[in-house]
Protein chains: 2
Amino acid sequence: MTERISEAEWQVMEILWAHGPLTAQAAAAQLAATAWTLATVKTLLSRLAAKGAVTTTEDGRRFLYAPAVARADIAAGESRRLVDRLFGGRATPLVAHLAERGELSNADIAELEALIRELKQ
Amino acid sequence: MTERISEAEWQVMEILWAHGPLTAQAAAAQLAATAWTLATVKTLLSRLAAKGAVTTTEDGRRFLYAPAVARADIAAGESRRLVDRLFGGRATPLVAHLAERGELSNADIAELEALIRELKQ
DNA sequence: TCATAACGATGACAGATGTAGTCGATTCGC
DNA sequence: GCGAATCGACTACATCTGTCATCGTTATGA
């Protein structure tokens, strides 16, 4: 079930998650930043449909594509994979790592602190 | 420079990071868990050498393969990519996410708390 | 010395991925 | 009514990835 979603496909999913059901045309328009042709977007949508990541509903002669999986679920899976692979499954080393590399701003740290406080209840 | 390292290649790198320079033979032995043949391991080592991720030093007729990149650097790159892609570049949502999904144990949270305290100095 | 073992290099091949063209059918504007 | 636009389906093709076999060469051991 949990077919992986490739990076290009992910970009298409982002559009669908952000802007409800869309036609291929409309999705391509939203993806203007990628400079993909309509054909490319159609291919990606087909592949996503084939792997069950989007649903299609007929709308006259064309399809409306909508996400069939929750973004949070995919994000969870990918996060888990990365944390498993890079940090032995522990989240703390990830945070420590980001911190060490100066990837966390003071605001981030404050935010994390608040989050931790909340989690402790 | 920063060529991506595939998942299979990553497993080979782990072995090299863990056990200094190794011959292909020795690396394959360490990778017994994968059930890869020696030929497969050799291919992966070659590809890693081709992309500059490992260095080779001649040892008689064969090579000793050693990592040419730091694990932390690769981990940083991959983490950043994921956080960018999934959480708009912010680490906090990642942690919040892991927490929400119950991916963080109490011990993790305590650890994170200590880490935050440290970061605040 | 001579078969054999081991080495790196190279070739192979299927599946995934990125990217796009083409085609038969349909609809829409005029 | 009819040509143009548009749709999804199908085809294409280069690259990457996972996985492995084979080859020419060299060292090793009997």
# chains A, B, ... in the order shown; residues from 1 in each chain; ligands from 1

$ residues_around --residues "segment 38-47 of chain A" --least-positions-apart "6" --cutoff "10 Å" --atoms "only C-alpha atoms (C1' of nucleotides)" --output "list in words"
Ile5, Ser6, Ala8, Glu9, Trp10, Gln11, Val12, Met13, Thr23, Ala24, Gln25, Ala26, Ala27, Ala28, Ala29, Leu31, Ala32, Ala53, Val54, Thr55, Thr56, Tyr65 and Ala66 of chain A; DG18, DT19, DA20 and DG21 of chain C; DG8 and DA9 of chain D

$ residues_around --residues "DC2 of chain C" --least-positions-apart "4" --cutoff "12 Å" --atoms "only C-alpha atoms (C1' of nucleotides)" --output "list of chain:residue names"
D:DT28, D:DG29, D:DA30

$ closest_residue --among "B:Lys120, B:Arg62, B:Arg81, B:Arg90" --to "chain C" --atoms "only C-alpha atoms (C1' of nucleotides)"
B:Arg62

$ interface_residues --of "chain A" --to "chain B" --cutoff "9 Å" --atoms "only C-alpha atoms" --output "number ranges by chain"
A: 10, 71-72, 75-76, 78-80, 82-83, 85-87, 90-99, 101, 103-104, 106, 108-113, 115-117, 119-120

$ atom_distance --atom1 "atom C1' of DC7 of chain C" --atom2 "atom C1' of DA21 of chain D"
15.0 Å
